[in-house]
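Here's the structure, in structure tokens; my notes come after.
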Amino acid sequence: MDLDLSLVRAFAATAETLHFGRAAEELNTSQQALSKRIARLEELLAVRLFAREGGIRLSEAGERFLPAAREALAAGERAIAAATGAGPVVRIDTWGHLYAPMRTVAQAVQALGPVRWEPGPGRDWPSVAQALTRGDTDLGFGRVHPLPGGRDAGLTQRLVRLEPVDAVVSPSHPLADADALRPADLRDSTLWCPAELTRLDFLRRFADAFGITRRHDGPNLGLDHLVHHLRTDTEGFTLFPADAPLPDHAGLRSVPLVEPTPLYAWSLAWRESYRHPLLDTLLRGFTETGRARRWLDYTPQRDWLPDTDHAKLPVH
């Protein structure tokens, strides 16, 4: 049996939206033409891919077919790229934007030569995990942590960097002149969070671990918004990667944290069922760069990681 990818594409778009009208609009076709393509695919496969009673949903056969359909479409795209000499495109969604994730990716991929990158902004790890599962992106980069309800099932990840974070305070903060601080020294300060704390797994676990009870969060309105609040709060602080420069106009103090030093874990994530043609090359780039820059240095007596990050550590 030969599969017509236009039929498979019609199925995949409808499976994602569960709405014939929206799927037809996405494919720039009519709803009638879309319905005919799906009916033709069901006829070829001799199964019903959708249950249409009381709305539209995937049938059991449709649920089984969807992952393979995504792979077939991705293979078709790779075949076109190979034939035209364009080379594969790497779609990578990043999150944790105030911590500048592409700064790390850029260092790891600079030796790969001309690679066609399509970076995309992910809202957070749950949204990127969903995009990976759907096949809407090839790779995710940010801090990975367990998701409830098995929402990360079928995904795998590789820890590629452990980055120390500093405490960032206003010049008028009582601890602003310290050469270094222990996390416990911040118990009487207010943790300013760049987004809702429920979305910030690392900051939430840090605050819980070191008894920081005063916390202020809200919508993510960008780095300038966060900086403004820190400058005006003499008791506020936030955490920021030690290697990521603050804006020149920030007027804030960045103080190293010691005894222990908190580490932010950056990981690369992808679907277990699909390895991008450049994934192994990219992983080698992270490994070589990380070895040269000591990105995975970790000493339990010196450093702190959330418990959920310990399992990611490489085995020596």
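In the structure tokens, chains take letters A, B, ... by order of appearance, with residues numbered from 1 within each chain and ligands from 1 in the order shown.
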
Within range 4-211 of chain A, find each residue whose DSSP state, derived from the backbone, is strand (DSSP E or B), and express the selection as a tab-separated table (two decimals) with all heavy atoms, in the first residue's frame.
```
chain	number	residue	atom	x	y	z
A	50	PHE	N	-11.36	8.51	12.95
A	50	PHE	CA	-12.04	9.45	13.84
A	50	PHE	C	-13.40	8.90	14.23
A	50	PHE	O	-14.08	8.24	13.43
A	50	PHE	CB	-12.23	10.81	13.16
A	50	PHE	CG	-10.95	11.56	12.90
A	50	PHE	CD1	-10.38	11.55	11.64
A	50	PHE	CD2	-10.33	12.27	13.91
A	50	PHE	CE1	-9.20	12.22	11.39
A	50	PHE	CE2	-9.15	12.96	13.68
A	50	PHE	CZ	-8.58	12.93	12.41
A	51	ALA	N	-13.78	9.15	15.48
A	51	ALA	CA	-15.15	8.91	15.92
A	51	ALA	C	-15.88	10.24	15.83
A	51	ALA	O	-15.40	11.26	16.32
A	51	ALA	CB	-15.17	8.37	17.35
A	57	ARG	N	-13.37	13.06	17.65
A	57	ARG	CA	-12.24	12.61	18.46
A	57	ARG	C	-11.56	11.46	17.72
A	57	ARG	O	-12.12	10.86	16.80
A	57	ARG	CB	-12.69	12.14	19.84
A	57	ARG	CG	-13.69	11.00	19.81
A	57	ARG	CD	-14.13	10.58	21.20
A	57	ARG	NE	-15.14	9.54	21.17
A	57	ARG	CZ	-14.89	8.25	21.01
A	57	ARG	NH1	-13.64	7.83	20.87
A	57	ARG	NH2	-15.87	7.37	20.98
A	58	LEU	N	-10.32	11.19	18.10
A	58	LEU	CA	-9.59	10.10	17.48
A	58	LEU	C	-10.15	8.76	17.93
A	58	LEU	O	-10.48	8.56	19.10
A	58	LEU	CB	-8.10	10.17	17.87
A	58	LEU	CG	-7.25	11.22	17.16
A	58	LEU	CD1	-5.89	11.35	17.84
A	58	LEU	CD2	-7.07	10.88	15.69
A	89	VAL	N	16.48	21.02	8.50
A	89	VAL	CA	16.25	22.15	9.40
A	89	VAL	C	16.15	21.62	10.82
A	89	VAL	O	15.55	20.57	11.07
A	89	VAL	CB	14.97	22.90	9.01
A	89	VAL	CG1	14.64	23.97	10.03
A	89	VAL	CG2	15.12	23.51	7.63
A	90	VAL	N	16.74	22.32	11.76
A	90	VAL	CA	16.63	21.96	13.17
A	90	VAL	C	15.69	22.95	13.84
A	90	VAL	O	16.01	24.13	13.99
A	90	VAL	CB	18.00	21.98	13.88
A	90	VAL	CG1	17.84	21.56	15.35
A	90	VAL	CG2	18.99	21.07	13.18
A	91	ARG	N	14.51	22.47	14.20
A	91	ARG	CA	13.56	23.30	14.93
A	91	ARG	C	13.81	23.10	16.42
A	91	ARG	O	13.71	21.99	16.92
A	91	ARG	CB	12.13	22.93	14.58
A	91	ARG	CG	11.78	23.05	13.09
A	91	ARG	CD	10.40	22.47	12.81
A	91	ARG	NE	10.33	21.06	13.18
A	91	ARG	CZ	9.20	20.34	13.22
A	91	ARG	NH1	8.05	20.92	12.92
A	91	ARG	NH2	9.23	19.07	13.56
A	92	ILE	N	14.17	24.15	17.12
A	92	ILE	CA	14.48	24.04	18.55
A	92	ILE	C	13.71	25.10	19.32
A	92	ILE	O	13.78	26.28	19.01
A	92	ILE	CB	16.00	24.16	18.80
A	92	ILE	CG1	16.31	23.99	20.28
A	92	ILE	CG2	16.57	25.46	18.23
A	92	ILE	CD1	17.79	23.78	20.57
A	93	ASP	N	12.92	24.65	20.28
A	93	ASP	CA	12.16	25.55	21.14
A	93	ASP	C	12.90	25.67	22.48
A	93	ASP	O	13.30	24.67	23.08
A	93	ASP	CB	10.75	25.01	21.39
A	93	ASP	CG	9.82	25.25	20.20
A	93	ASP	OD1	10.33	25.67	19.15
A	93	ASP	OD2	8.61	25.01	20.34
A	94	THR	N	13.08	26.90	22.94
A	94	THR	CA	13.77	27.14	24.21
A	94	THR	C	12.82	27.81	25.19
A	94	THR	O	11.85	28.46	24.80
A	94	THR	CB	15.00	28.04	24.01
A	94	THR	OG1	14.58	29.32	23.49
A	94	THR	CG2	15.98	27.41	23.02
A	116	ARG	N	20.85	24.88	9.41
A	116	ARG	CA	19.64	25.70	9.30
A	116	ARG	C	18.84	25.58	10.59
A	116	ARG	O	18.17	24.59	10.83
A	116	ARG	CB	18.82	25.26	8.09
A	116	ARG	CG	19.53	25.44	6.76
A	116	ARG	CD	18.76	24.78	5.63
A	116	ARG	NE	17.43	25.36	5.48
A	116	ARG	CZ	16.38	24.70	5.00
A	116	ARG	NH1	16.50	23.43	4.65
A	116	ARG	NH2	15.21	25.29	4.87
A	117	TRP	N	18.93	26.62	11.41
A	117	TRP	CA	18.25	26.62	12.70
A	117	TRP	C	16.95	27.40	12.61
A	117	TRP	O	16.89	28.44	11.98
A	117	TRP	CB	19.13	27.28	13.77
A	117	TRP	CG	20.34	26.48	14.11
A	117	TRP	CD1	21.59	26.61	13.59
A	117	TRP	CD2	20.41	25.40	15.04
A	117	TRP	NE1	22.43	25.68	14.14
A	117	TRP	CE2	21.73	24.93	15.03
A	117	TRP	CE3	19.48	24.79	15.88
A	117	TRP	CZ2	22.16	23.87	15.84
A	117	TRP	CZ3	19.90	23.75	16.68
A	117	TRP	CH2	21.22	23.30	16.65
A	118	GLU	N	15.93	26.87	13.25
A	118	GLU	CA	14.67	27.57	13.40
A	118	GLU	C	14.33	27.63	14.88
A	118	GLU	O	13.57	26.80	15.39
A	118	GLU	CB	13.54	26.89	12.61
A	118	GLU	CG	13.65	27.07	11.11
A	118	GLU	CD	12.43	26.52	10.37
A	118	GLU	OE1	11.49	26.03	11.05
A	118	GLU	OE2	12.42	26.56	9.13
A	119	PRO	N	14.91	28.58	15.62
A	119	PRO	CA	14.60	28.67	17.06
A	119	PRO	C	13.21	29.23	17.28
A	119	PRO	O	12.74	30.09	16.54
A	119	PRO	CB	15.68	29.63	17.58
A	119	PRO	CG	16.09	30.43	16.40
A	119	PRO	CD	15.90	29.57	15.19
A	120	GLY	N	12.55	28.70	18.29
A	120	GLY	CA	11.21	29.17	18.64
A	120	GLY	C	11.10	29.37	20.13
A	120	GLY	O	11.75	28.67	20.91
A	121	PRO	N	10.30	30.33	20.57
A	121	PRO	CA	10.13	30.57	22.00
A	121	PRO	C	9.07	29.64	22.59
A	121	PRO	O	7.94	29.59	22.12
A	121	PRO	CB	9.68	32.03	22.05
A	121	PRO	CG	8.95	32.23	20.75
A	121	PRO	CD	9.58	31.32	19.74
A	139	LEU	N	13.51	19.71	18.86
A	139	LEU	CA	14.28	19.68	20.09
A	139	LEU	C	13.77	20.75	21.05
A	139	LEU	O	13.22	21.77	20.62
A	139	LEU	CB	15.77	19.95	19.81
A	139	LEU	CG	16.49	19.00	18.85
A	139	LEU	CD1	17.86	19.56	18.50
A	139	LEU	CD2	16.63	17.62	19.48
A	140	GLY	N	13.96	20.50	22.33
A	140	GLY	CA	13.68	21.51	23.33
A	140	GLY	C	14.93	21.76	24.14
A	140	GLY	O	15.74	20.83	24.35
A	141	PHE	N	15.12	22.99	24.60
A	141	PHE	CA	16.29	23.30	25.42
A	141	PHE	C	15.88	24.22	26.57
A	141	PHE	O	15.31	25.29	26.36
A	141	PHE	CB	17.38	23.99	24.60
A	141	PHE	CG	18.63	24.25	25.40
A	141	PHE	CD1	19.54	23.24	25.65
A	141	PHE	CD2	18.88	25.50	25.93
A	141	PHE	CE1	20.68	23.46	26.42
A	141	PHE	CE2	20.01	25.74	26.70
A	141	PHE	CZ	20.92	24.72	26.94
A	142	GLY	N	16.16	23.77	27.79
A	142	GLY	CA	15.82	24.52	28.98
A	142	GLY	C	15.98	23.62	30.18
A	142	GLY	O	16.68	22.60	30.12
A	155	LEU	N	9.23	11.18	25.96
A	155	LEU	CA	10.29	12.16	25.75
A	155	LEU	C	11.53	11.74	26.52
A	155	LEU	O	11.44	11.08	27.56
A	155	LEU	CB	9.85	13.56	26.21
A	155	LEU	CG	8.59	14.13	25.57
A	155	LEU	CD1	8.28	15.51	26.15
A	155	LEU	CD2	8.72	14.21	24.06
A	156	THR	N	12.67	12.10	26.00
A	156	THR	CA	13.93	11.83	26.69
A	156	THR	C	14.76	13.10	26.70
A	156	THR	O	14.47	14.05	25.96
A	156	THR	CB	14.70	10.68	26.02
A	156	THR	OG1	15.80	10.29	26.84
A	156	THR	CG2	15.20	11.08	24.63
A	157	GLN	N	15.78	13.14	27.56
A	157	GLN	CA	16.56	14.38	27.69
A	157	GLN	C	18.00	14.05	28.05
A	157	GLN	O	18.30	12.97	28.55
A	157	GLN	CB	15.93	15.31	28.72
A	157	GLN	CG	15.79	14.72	30.11
A	157	GLN	CD	16.99	14.91	31.00
A	157	GLN	OE1	17.74	15.87	30.84
A	157	GLN	NE2	17.19	14.01	31.96
A	158	ARG	N	18.89	14.99	27.76
A	158	ARG	CA	20.30	14.88	28.12
A	158	ARG	C	20.73	16.15	28.84
A	158	ARG	O	20.58	17.26	28.29
A	158	ARG	CB	21.14	14.70	26.86
A	158	ARG	CG	22.67	14.77	27.08
A	158	ARG	CD	23.27	13.46	27.49
A	158	ARG	NE	23.08	12.47	26.46
A	158	ARG	CZ	23.91	12.30	25.41
A	158	ARG	NH1	24.95	13.07	25.25
A	158	ARG	NH2	23.67	11.34	24.54
A	159	LEU	N	21.24	16.01	30.05
A	159	LEU	CA	21.78	17.15	30.78
A	159	LEU	C	23.05	17.62	30.06
A	159	LEU	O	23.94	16.81	29.78
A	159	LEU	CB	22.11	16.75	32.21
A	159	LEU	CG	22.79	17.80	33.09
A	159	LEU	CD1	21.81	18.93	33.40
A	159	LEU	CD2	23.30	17.17	34.39
A	160	VAL	N	23.14	18.92	29.77
A	160	VAL	CA	24.30	19.42	29.03
A	160	VAL	C	25.04	20.53	29.76
A	160	VAL	O	26.19	20.82	29.43
A	160	VAL	CB	23.90	19.91	27.62
A	160	VAL	CG1	23.36	18.76	26.78
A	160	VAL	CG2	22.88	21.04	27.69
A	161	ARG	N	24.42	21.16	30.75
A	161	ARG	CA	25.13	22.22	31.46
A	161	ARG	C	24.56	22.40	32.86
A	161	ARG	O	23.35	22.36	33.06
A	161	ARG	CB	25.04	23.54	30.70
A	161	ARG	CG	25.85	24.66	31.34
A	161	ARG	CD	25.84	25.94	30.52
A	161	ARG	NE	26.80	26.91	31.06
A	161	ARG	CZ	27.00	28.12	30.57
A	161	ARG	NH1	26.29	28.54	29.53
A	161	ARG	NH2	27.88	28.93	31.11
A	162	LEU	N	25.46	22.59	33.82
A	162	LEU	CA	25.10	23.00	35.18
A	162	LEU	C	25.68	24.38	35.39
A	162	LEU	O	26.91	24.54	35.43
A	162	LEU	CB	25.65	22.01	36.21
A	162	LEU	CG	25.09	20.59	36.15
A	162	LEU	CD1	25.89	19.65	37.05
A	162	LEU	CD2	23.63	20.58	36.56
A	163	GLU	N	24.82	25.39	35.51
A	163	GLU	CA	25.30	26.76	35.56
A	163	GLU	C	25.09	27.38	36.94
A	163	GLU	O	23.96	27.42	37.44
A	163	GLU	CB	24.58	27.60	34.50
A	163	GLU	CG	25.13	29.01	34.41
A	163	GLU	CD	24.61	29.76	33.19
A	163	GLU	OE1	23.58	29.34	32.61
A	163	GLU	OE2	25.24	30.77	32.83
A	164	PRO	N	26.16	27.86	37.57
A	164	PRO	CA	26.01	28.53	38.87
A	164	PRO	C	25.12	29.77	38.73
A	164	PRO	O	25.14	30.45	37.70
A	164	PRO	CB	27.43	28.93	39.24
A	164	PRO	CG	28.31	28.07	38.40
A	164	PRO	CD	27.56	27.80	37.13
A	165	VAL	N	24.35	30.05	39.76
A	165	VAL	CA	23.54	31.26	39.78
A	165	VAL	C	24.00	32.16	40.92
A	165	VAL	O	24.46	31.70	41.96
A	165	VAL	CB	22.03	30.95	39.93
A	165	VAL	CG1	21.52	30.17	38.73
A	165	VAL	CG2	21.75	30.20	41.21
A	166	ASP	N	23.90	33.47	40.68
A	166	ASP	CA	24.22	34.48	41.68
A	166	ASP	C	22.93	35.05	42.28
A	166	ASP	O	21.85	34.92	41.70
A	166	ASP	CB	24.99	35.64	41.05
A	166	ASP	CG	26.38	35.26	40.58
A	166	ASP	OD1	26.89	34.19	41.01
A	166	ASP	OD2	26.97	36.01	39.78
A	167	ALA	N	23.08	35.69	43.42
A	167	ALA	CA	21.99	36.49	43.99
A	167	ALA	C	22.12	37.91	43.44
A	167	ALA	O	23.20	38.50	43.48
A	167	ALA	CB	22.07	36.51	45.51
A	168	VAL	N	21.04	38.42	42.88
A	168	VAL	CA	21.04	39.78	42.32
A	168	VAL	C	20.19	40.66	43.23
A	168	VAL	O	19.02	40.34	43.50
A	168	VAL	CB	20.50	39.78	40.88
A	168	VAL	CG1	20.39	41.20	40.35
A	168	VAL	CG2	21.41	38.94	39.99
A	169	VAL	N	20.78	41.77	43.70
A	169	VAL	CA	20.11	42.66	44.66
A	169	VAL	C	20.33	44.11	44.24
A	169	VAL	O	21.21	44.42	43.42
A	169	VAL	CB	20.64	42.45	46.10
A	169	VAL	CG1	20.39	41.03	46.57
A	169	VAL	CG2	22.14	42.78	46.17
A	181	LEU	N	27.66	35.23	49.33
A	181	LEU	CA	26.57	34.96	50.26
A	181	LEU	C	26.26	33.47	50.28
A	181	LEU	O	26.44	32.78	49.27
A	181	LEU	CB	25.30	35.72	49.85
A	181	LEU	CG	25.32	37.24	49.93
A	181	LEU	CD1	24.08	37.81	49.25
A	181	LEU	CD2	25.38	37.68	51.39
A	190	THR	N	13.20	39.03	50.24
A	190	THR	CA	12.05	38.64	49.42
A	190	THR	C	12.54	38.16	48.06
A	190	THR	O	13.27	38.87	47.37
A	190	THR	CB	11.09	39.82	49.21
A	190	THR	OG1	10.63	40.28	50.48
A	190	THR	CG2	9.90	39.42	48.36
A	191	LEU	N	12.15	36.95	47.69
A	191	LEU	CA	12.51	36.40	46.39
A	191	LEU	C	11.58	36.96	45.33
A	191	LEU	O	10.37	36.72	45.36
A	191	LEU	CB	12.43	34.87	46.41
A	191	LEU	CG	12.62	34.17	45.06
A	191	LEU	CD1	14.00	34.47	44.48
A	191	LEU	CD2	12.40	32.67	45.19
A	192	TRP	N	12.12	37.73	44.39
A	192	TRP	CA	11.35	38.24	43.26
A	192	TRP	C	11.45	37.23	42.12
A	192	TRP	O	12.53	36.85	41.69
A	192	TRP	CB	11.89	39.60	42.81
A	192	TRP	CG	11.33	40.72	43.62
A	192	TRP	CD1	11.83	41.24	44.76
A	192	TRP	CD2	10.12	41.45	43.34
A	192	TRP	NE1	11.03	42.26	45.24
A	192	TRP	CE2	9.97	42.41	44.38
A	192	TRP	CE3	9.16	41.38	42.33
A	192	TRP	CZ2	8.90	43.29	44.43
A	192	TRP	CZ3	8.09	42.27	42.37
A	192	TRP	CH2	7.96	43.21	43.42
```

Polymer residues at most 12 Å from range 270-279 of chain A, only C-alpha atoms, same-chain spacing of 2 or more positions, as a PyMOL selection string: chain A and resi 67-68+70-75+77-79+81-82+87-93+109+112-117+128-142+144+152-158+267-268+281-286

Nearest-residue call for Phe210 in chain A, choices A:Leu3, A:Leu44, A:Leu305, A:Ala61, using only C-alpha atoms: A:Leu305

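Here CA of Gly236 in chain A and CA of Ser189 in chain A stand 5.6 Å from one another.
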
For Tyr99 in chain A: contacts at 8 Å, only C-alpha atoms, fewer than 3 positions along chain excluded, given as a count of residues only: 4

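CA of Thr234 in chain A sits 14.1 Å away from CA of Arg215 in chain A.
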
Computed interatomic separation between CA of Asp307 in chain A and CA of Gly211 in chain A (Å): 15.9 Å
